[in-house]
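Novice: Supplied structure: my_file_12.txt, compact mmCIF, C-alpha atoms.
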```
# COMPACT_ATOMS: atom_id res chain seq x y z
CA MET A 4 88.60 69.15 107.13
CA SER A 5 90.53 71.99 108.73
CA PRO A 6 93.54 73.18 106.70
CA TYR A 7 95.62 73.28 109.89
CA GLU A 8 96.14 71.55 113.22
CA ASN A 9 95.96 73.35 116.56
CA ARG A 10 99.14 72.63 118.49
CA TYR A 11 100.67 73.82 121.75
CA TRP A 12 103.99 74.28 123.49
CA TRP A 13 105.17 75.55 126.86
CA SER A 14 107.11 78.72 127.59
CA ASN A 15 110.09 78.72 129.93
CA ASP A 16 107.90 80.27 132.65
CA GLY A 17 105.14 77.68 132.32
CA ILE A 18 102.58 79.27 129.98
CA ARG A 19 100.77 77.00 127.52
CA LEU A 20 101.11 78.65 124.11
CA HIS A 21 99.24 77.93 120.89
CA TYR A 22 100.04 77.82 117.19
CA ARG A 23 98.33 76.76 113.99
CA ASP A 24 100.30 74.25 111.94
CA TYR A 25 99.50 74.30 108.21
CA PRO A 26 101.17 71.36 106.39
CA GLY A 27 103.89 71.88 103.83
CA ALA A 28 106.88 70.39 102.06
CA ALA A 29 109.51 69.10 104.48
CA ALA A 30 112.31 70.08 102.09
CA LYS A 31 111.54 73.78 102.49
CA PRO A 32 112.04 75.85 105.64
CA PRO A 33 108.74 76.46 107.44
CA ILE A 34 107.24 79.94 107.48
CA LEU A 35 106.89 81.29 111.00
CA CYS A 36 104.11 83.91 111.24
CA LEU A 37 104.31 86.42 114.09
CA PRO A 38 101.34 88.79 114.57
CA GLY A 39 101.01 92.37 115.74
CA LEU A 40 100.52 93.69 119.26
CA THR A 41 96.79 93.02 119.67
CA ARG A 42 96.47 90.42 116.94
CA ASN A 43 96.73 86.63 116.75
CA ALA A 44 97.34 83.65 114.46
CA ARG A 45 94.02 84.19 112.66
CA ASP A 46 95.55 87.23 110.93
CA PHE A 47 97.65 84.91 108.77
CA ASP A 48 94.96 82.43 107.77
CA ALA A 49 94.56 83.73 104.21
CA VAL A 50 98.34 83.81 103.71
CA ALA A 51 98.74 80.31 105.14
CA ARG A 52 95.93 78.81 103.08
CA ARG A 53 97.45 80.23 99.91
CA LEU A 54 100.97 78.97 100.61
CA SER A 55 100.14 75.55 102.12
CA PRO A 56 100.80 72.75 101.25
CA GLU A 57 103.77 73.98 99.19
CA TRP A 58 105.14 75.65 102.32
CA ARG A 59 104.57 74.64 105.93
CA VAL A 60 103.16 77.62 107.83
CA ILE A 61 103.33 77.96 111.61
CA ALA A 62 101.10 80.81 112.79
CA ILE A 63 101.71 81.73 116.41
CA ASP A 64 99.51 83.21 119.13
CA LEU A 65 101.92 85.21 121.27
CA ARG A 66 101.43 84.89 125.01
CA GLY A 67 98.28 86.69 126.11
CA ARG A 68 96.61 86.43 122.70
CA GLY A 69 94.18 84.07 121.03
CA ASP A 70 94.40 80.53 122.38
CA SER A 71 97.68 81.10 124.20
CA GLY A 72 97.69 81.42 127.97
CA TYR A 73 97.91 84.73 129.79
CA ALA A 74 101.05 85.70 131.73
CA LYS A 75 100.96 86.08 135.50
CA ASP A 76 103.50 88.88 135.20
CA PRO A 77 102.29 91.53 132.72
CA MET A 78 105.82 92.89 132.43
CA SER A 79 106.70 89.74 130.50
CA TYR A 80 104.66 91.10 127.59
CA VAL A 81 107.79 92.47 125.89
CA PRO A 82 109.67 91.56 122.68
CA LEU A 83 112.61 89.83 124.36
CA THR A 84 110.23 87.44 126.17
CA TYR A 85 108.37 86.73 122.93
CA VAL A 86 111.74 85.84 121.38
CA GLN A 87 112.37 83.33 124.17
CA ASP A 88 108.90 81.84 123.66
CA VAL A 89 109.52 81.38 119.94
CA GLN A 90 112.96 79.91 120.57
CA ALA A 91 111.35 77.33 122.88
CA LEU A 92 108.95 76.34 120.08
CA LEU A 93 111.70 76.12 117.45
CA GLY A 94 113.73 73.93 119.79
CA GLU A 95 110.78 71.65 120.51
CA LEU A 96 110.00 71.26 116.80
CA GLY A 97 113.66 70.80 115.87
CA VAL A 98 113.44 73.57 113.26
CA GLY A 99 116.91 74.45 112.01
CA ARG A 100 115.99 77.05 109.39
CA TYR A 101 112.83 79.07 108.97
CA VAL A 102 111.31 82.03 107.17
CA ALA A 103 109.89 84.74 109.44
CA PHE A 104 106.77 86.71 108.48
CA GLY A 105 106.38 89.45 111.08
CA THR A 106 103.61 92.03 111.21
CA SER A 107 104.33 95.15 113.28
CA LEU A 108 105.38 93.80 116.73
CA GLY A 109 105.93 90.44 115.02
CA GLY A 110 108.47 92.12 112.75
CA ILE A 111 110.38 93.44 115.75
CA VAL A 112 110.41 89.93 117.20
CA SER A 113 111.61 88.61 113.82
CA MET A 114 114.57 91.01 113.77
CA LEU A 115 115.51 90.13 117.36
CA LEU A 116 115.25 86.41 116.57
CA ALA A 117 117.66 86.86 113.66
CA GLY A 118 120.09 88.52 116.03
CA THR A 119 120.20 85.40 118.21
CA ALA A 120 120.83 82.93 115.37
CA ARG A 121 121.44 84.51 111.97
CA GLU A 122 122.21 81.16 110.34
CA SER A 123 118.68 79.91 111.14
CA VAL A 124 116.92 82.64 109.16
CA ALA A 125 116.27 81.71 105.52
CA GLY A 126 114.29 84.89 104.81
CA VAL A 127 112.19 87.60 106.42
CA LEU A 128 109.05 89.58 105.66
CA LEU A 129 108.68 92.76 107.72
CA ASN A 130 105.11 94.00 107.48
CA ASP A 131 104.92 97.75 108.11
CA VAL A 132 107.60 97.95 110.78
CA GLY A 133 111.21 98.98 111.05
CA PRO A 134 113.88 99.96 113.57
CA ASP A 135 112.31 103.40 114.04
CA ILE A 136 108.61 103.72 114.88
CA MET A 137 106.80 106.98 114.15
CA ALA A 138 105.66 108.89 117.25
CA GLU A 139 102.14 109.44 115.93
CA GLY A 140 101.68 105.71 115.37
CA LEU A 141 102.89 104.86 118.86
CA ALA A 142 100.54 107.46 120.34
CA ARG A 143 97.60 106.06 118.40
CA ILE A 144 98.32 102.48 119.45
CA ARG A 145 98.79 103.47 123.09
CA SER A 146 95.42 105.23 122.95
CA TYR A 147 93.50 102.01 122.33
CA VAL A 148 95.53 99.02 123.48
CA GLY A 149 94.19 97.55 126.71
CA ARG A 150 90.85 99.36 126.51
CA SER A 151 88.14 96.73 126.86
CA ASN A 152 84.88 96.86 124.93
CA THR A 153 82.11 94.29 124.58
CA TRP A 154 79.46 93.95 121.91
CA PRO A 155 76.16 92.04 121.71
CA THR A 156 76.51 90.93 118.06
CA TRP A 157 79.20 90.49 115.44
CA ILE A 158 77.67 93.29 113.38
CA HIS A 159 78.09 95.67 116.32
CA ALA A 160 81.72 94.57 116.65
CA ALA A 161 82.29 94.98 112.92
CA ARG A 162 80.92 98.52 112.98
CA ALA A 163 83.20 99.39 115.89
CA VAL A 164 86.22 98.02 114.01
CA ALA A 165 85.17 99.98 110.92
CA GLU A 166 84.91 103.24 112.87
CA ALA A 167 88.38 102.76 114.34
CA ASN A 168 90.08 101.67 111.11
CA ALA A 169 88.23 103.41 108.29
CA GLY A 170 91.31 105.46 107.44
CA VAL A 171 93.54 102.37 107.37
CA TYR A 172 91.40 100.33 104.97
CA PRO A 173 89.22 102.83 103.07
CA HIS A 174 88.24 100.20 100.49
CA PHE A 175 86.80 97.70 103.01
CA THR A 176 83.19 96.54 102.73
CA LEU A 177 80.95 95.45 105.60
CA GLU A 178 81.92 91.86 104.81
CA ASP A 179 85.61 92.79 105.20
CA TRP A 180 84.94 94.50 108.53
CA LEU A 181 82.99 91.50 109.77
CA ALA A 182 85.86 89.17 108.85
CA MET A 183 88.31 91.48 110.62
CA ALA A 184 86.13 91.59 113.73
CA LYS A 185 86.18 87.79 113.87
CA ARG A 186 89.97 87.86 113.78
CA LEU A 187 90.15 90.47 116.55
CA TYR A 188 87.34 89.35 118.88
CA ARG A 189 85.99 86.19 120.48
CA LEU A 190 82.71 85.14 122.07
CA ASN A 191 83.01 84.91 125.86
CA SER A 192 81.13 82.64 128.28
CA ALA A 193 78.49 85.32 128.87
CA GLY A 194 77.65 85.47 125.17
CA ARG A 195 79.32 88.86 124.67
CA ILE A 196 81.89 89.62 121.98
CA VAL A 197 85.20 90.75 123.48
CA LEU A 198 88.73 91.51 122.32
CA ASP A 199 90.80 88.34 122.11
CA TYR A 200 93.81 89.37 124.18
CA ASP A 201 94.86 90.04 127.76
CA MET A 202 94.19 93.71 128.53
CA LYS A 203 97.40 93.69 130.60
CA ILE A 204 99.57 93.59 127.45
CA ALA A 205 99.16 97.38 127.54
CA GLU A 206 101.09 97.78 130.79
CA PRO A 207 104.67 97.39 129.50
CA PHE A 208 103.81 98.84 126.09
CA ARG A 209 102.87 102.15 127.68
CA VAL A 210 106.36 102.41 129.16
CA PRO A 211 108.57 104.30 126.64
CA GLY A 212 111.16 101.96 125.13
CA ASN A 213 109.34 98.71 125.82
CA GLU A 214 107.58 98.63 122.45
CA ALA A 215 110.71 97.42 120.63
CA GLY A 216 114.13 96.28 121.72
CA PRO A 217 117.55 97.75 122.48
CA ASP A 218 119.15 98.85 119.16
CA MET A 219 116.84 97.78 116.35
CA TRP A 220 119.10 99.15 113.60
CA ARG A 221 121.79 96.77 114.79
CA ALA A 222 119.18 93.99 114.76
CA LEU A 223 118.25 94.85 111.17
CA ALA A 224 121.92 94.83 110.13
CA VAL A 225 122.02 91.09 110.89
CA LEU A 226 119.66 90.65 107.93
CA LYS A 227 122.05 92.36 105.52
CA SER A 228 122.55 89.30 103.29
CA VAL A 229 119.21 87.61 104.10
CA PRO A 230 116.40 87.68 101.49
CA THR A 231 114.06 90.30 102.97
CA LEU A 232 110.75 91.79 101.91
CA ILE A 233 109.52 95.03 103.47
CA VAL A 234 105.81 95.67 102.98
CA ARG A 235 104.71 99.21 103.81
CA GLY A 236 101.29 100.82 103.79
CA ALA A 237 101.52 104.10 101.90
CA LYS A 238 99.43 105.75 104.63
CA SER A 239 101.32 104.12 107.51
CA ASP A 240 101.80 106.12 110.71
CA VAL A 241 104.26 103.52 112.06
CA LEU A 242 106.81 102.95 109.27
CA ALA A 243 107.90 106.19 107.61
CA ALA A 244 108.88 106.18 103.95
CA ALA A 245 112.31 107.57 104.90
CA THR A 246 112.85 104.73 107.40
CA ALA A 247 111.89 102.14 104.79
CA ALA A 248 114.33 103.72 102.31
CA ARG A 249 117.12 103.64 104.90
CA MET A 250 116.35 99.98 105.62
CA MET A 251 116.72 99.18 101.93
CA GLU A 252 120.14 100.81 101.89
CA LEU A 253 121.30 98.36 104.56
CA LEU A 254 119.96 95.23 102.85
CA ASP A 255 121.86 93.51 100.05
CA ASP A 256 118.90 91.26 99.16
CA GLY A 257 115.93 93.43 100.09
CA GLU A 258 112.77 94.48 98.31
CA LEU A 259 110.33 97.21 99.31
CA VAL A 260 106.67 96.91 98.32
CA THR A 261 104.39 99.86 99.10
CA ILE A 262 100.63 99.25 99.23
CA ALA A 263 98.76 102.30 97.97
CA GLY A 264 95.82 103.63 99.98
CA VAL A 265 96.50 101.43 103.02
CA GLY A 266 97.70 102.39 106.50
CA HIS A 267 99.11 100.30 109.35
CA THR A 268 99.12 97.42 108.54
CA PRO A 269 98.68 95.87 105.10
CA MET A 270 96.69 92.62 105.13
CA LEU A 271 99.25 90.76 102.93
CA SER A 272 96.36 89.73 100.69
CA GLU A 273 96.76 92.78 98.44
CA PRO A 274 97.95 91.88 94.90
CA GLU A 275 101.22 93.79 95.37
CA ALA A 276 101.91 92.00 98.67
CA ILE A 277 101.08 88.60 97.18
CA ALA A 278 103.45 89.19 94.27
CA GLY A 279 106.18 90.38 96.67
CA ILE A 280 105.75 87.32 98.90
CA ASP A 281 105.98 85.01 95.91
CA ARG A 282 109.19 86.69 94.74
CA LEU A 283 110.67 86.44 98.25
CA LEU A 284 109.85 82.73 98.53
CA ALA A 285 111.21 82.07 95.05
CA ARG A 286 114.53 83.65 96.08
CA ILE A 287 114.60 81.57 99.26
CA ALA A 288 113.78 78.35 97.41
CA ALA A 289 116.60 79.01 94.97
CA GLU A 290 119.18 79.48 97.73
CA PRO A 291 121.25 76.55 98.98
CA ALA A 292 120.25 75.48 102.49
CA SER A 293 123.77 76.07 103.72
CA ARG A 294 123.68 79.80 103.06
```
Would you put the structure from the file into C-alpha cells?
Specialist:
Amino acid sequence: MSPYENRYWWSNDGIRLHYRDYPGAAAKPPILCLPGLTRNARDFDAVARRLSPEWRVIAIDLRGRGDSGYAKDPMSYVPLTYVQDVQALLGELGVGRYVAFGTSLGGIVSMLLAGTARESVAGVLLNDVGPDIMAEGLARIRSYVGRSNTWPTWIHAARAVAEANAGVYPHFTLEDWLAMAKRLYRLNSAGRIVLDYDMKIAEPFRVPGNEAGPDMWRALAVLKSVPTLIVRGAKSDVLAAATAARMMELLDDGELVTIAGVGHTPMLSEPEAIAGIDRLLARIAAEPASR
C-alpha cells in the first residue's frame, strides 16, 4: 500500500493543484512541505515517510510542477500567488495550525505565509534560504531554469543530474543520482524523460525582484517567537553564513544546523538535519496549542 494519498484542490484562478497526504496524529499540527523552484512533492518523500504516522505530512506540488496544473499566465509563477494557492488549500482542509517545511523557494513562501497569519504557524523549517539571496546562486539558478532537456533512459538523466550537481552533493553515488533524477524528471507520452515542471516558470523568475517577495527581513521578523530551524549547506551559494547568523539574531526560538560538504540544498536526510528536525518537532509538540 502507498504511504500517502494523492489529493487535489483548486486555486482561486481555476488550476487543479496536487498534494500528497501522509497520515498522522490529528492532535498534532500537520507538516506542510513546500518545495524549491524546479522541484516537487517527491522531494519530501523520505522526510514524510520517516515522520508519518506520528505527524501528518502534506507535501505540495506548486502550480506548474509535478501533478499540479500549469498556469495560463506565466507571470502567476511568483511567491505571492503560491501563498494564495496554499491558503486556499489550508482553508479547504480546515487547518488552523501547521508546521511549514520550506526548501529554497518553499522557504520564501513559508515566511510570507507566516506574515499573513502568524497565529497559524506552529513552527518553521527554512532549508537553505533566507531574506537575502546570494547573487552567485541567483545567477546559477537563472542559467538553468526553464531550459528543456530530454533523455532516452533514466541512466542518461541521472548522469546529466550528476554533472550539474556534482559540487552540491560530492558524496552521491550513481544510485543517489538515479533517485534524484526520478524526483526531478518524468516520462512523457513519447517515451522520453523530461523535466517535471512548466518551462514558463522561468519567465517571472528572470525578472529581478520576482524571486522572493517585498521585504523578506520583515517577513522573517514575524517568526521571532516561533520555533524555527534553519538548515544550511556549508557550500551553499544561496544562503550566506553571515545571513544565517543574522537570521539567528532575530529569532528567539531558532536553531541553525549547517550540513558540511553540501551545497544548495541539503536533502534533509543528512544525520544533522534529521536530528535538527526531531528537536524542532519536539519543541513544537511541547508547546501549548494556544501559543
Novice: Using only C-alpha atoms, which protein or nucleic acid residues come within 12 Å of A:Gln90? Drop anything in the same chain fewer than 2 positions from it, and give the result as an MDAnalysis selection string.
Specialist: chainID A and resid 12:15 35 83:88 92:101 112:113 115:117 119:120 123
Novice: Using all atoms listed in the file, which of the listed residues (A:Asp131, A:Glu258, A:Asp76, A:Glu8) sits closest to A:Leu271?
Specialist: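 The answer is A:Asp131, which sits nearest to A:Leu271.
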Novice: Considering only C-alpha atoms, return as a list in words whatever protein or nucleic-acid residues lie within 8 Å of A:Thr246, sequence-local ones (same chain, fewer than 2 positions apart) excluded.
Specialist: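 The residues that qualify are Gly133, Pro134, Asp135, Leu242, Ala243, Ala244, Ala248, Arg249 and Met250 of chain A.
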Novice: Using all atoms listed in the file, pick whichever of A:Asp199, A:Glu273, A:Glu122, A:Asp281 has the shortest atom-to-atom distance to A:Val225.
Specialist: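 Nearest to A:Val225: A:Glu122.
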Novice: From the list A:Ala169, A:Ala44, A:Val265, A:Val164, which residue is nearest A:Leu65 when using all atoms listed in the file?
Specialist: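 Of A:Ala169, A:Ala44, A:Val265, A:Val164, the one nearest A:Leu65 is A:Ala44, counting all atoms listed in the file.
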Novice: One number please: atom CA of A:Ala161 to atom CA of A:Asp201, in Å, one decimal.
Specialist: 20.1 Å
Novice: Interatomic distance between atom CA of A:Pro269 and atom CA of A:Leu223?
Specialist: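 Here the two named atoms are 20.5 Å from each other.
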Novice: For A:Asp46, find every residue with an atom within 10 Å (counting all atoms listed in the file), except residues of its own chain fewer than 3 positions away, and show them as a list of chain:residue names.
Specialist: A:Cys36, A:Leu37, A:Pro38, A:Gly39, A:Arg42, A:Asn43, A:Ala49, A:Val50, A:Ala51, A:Ala62, A:Ile63, A:Asp64, A:Thr106, A:Met183, A:Lys185, A:Arg186, A:Leu187, A:Met270, A:Leu271
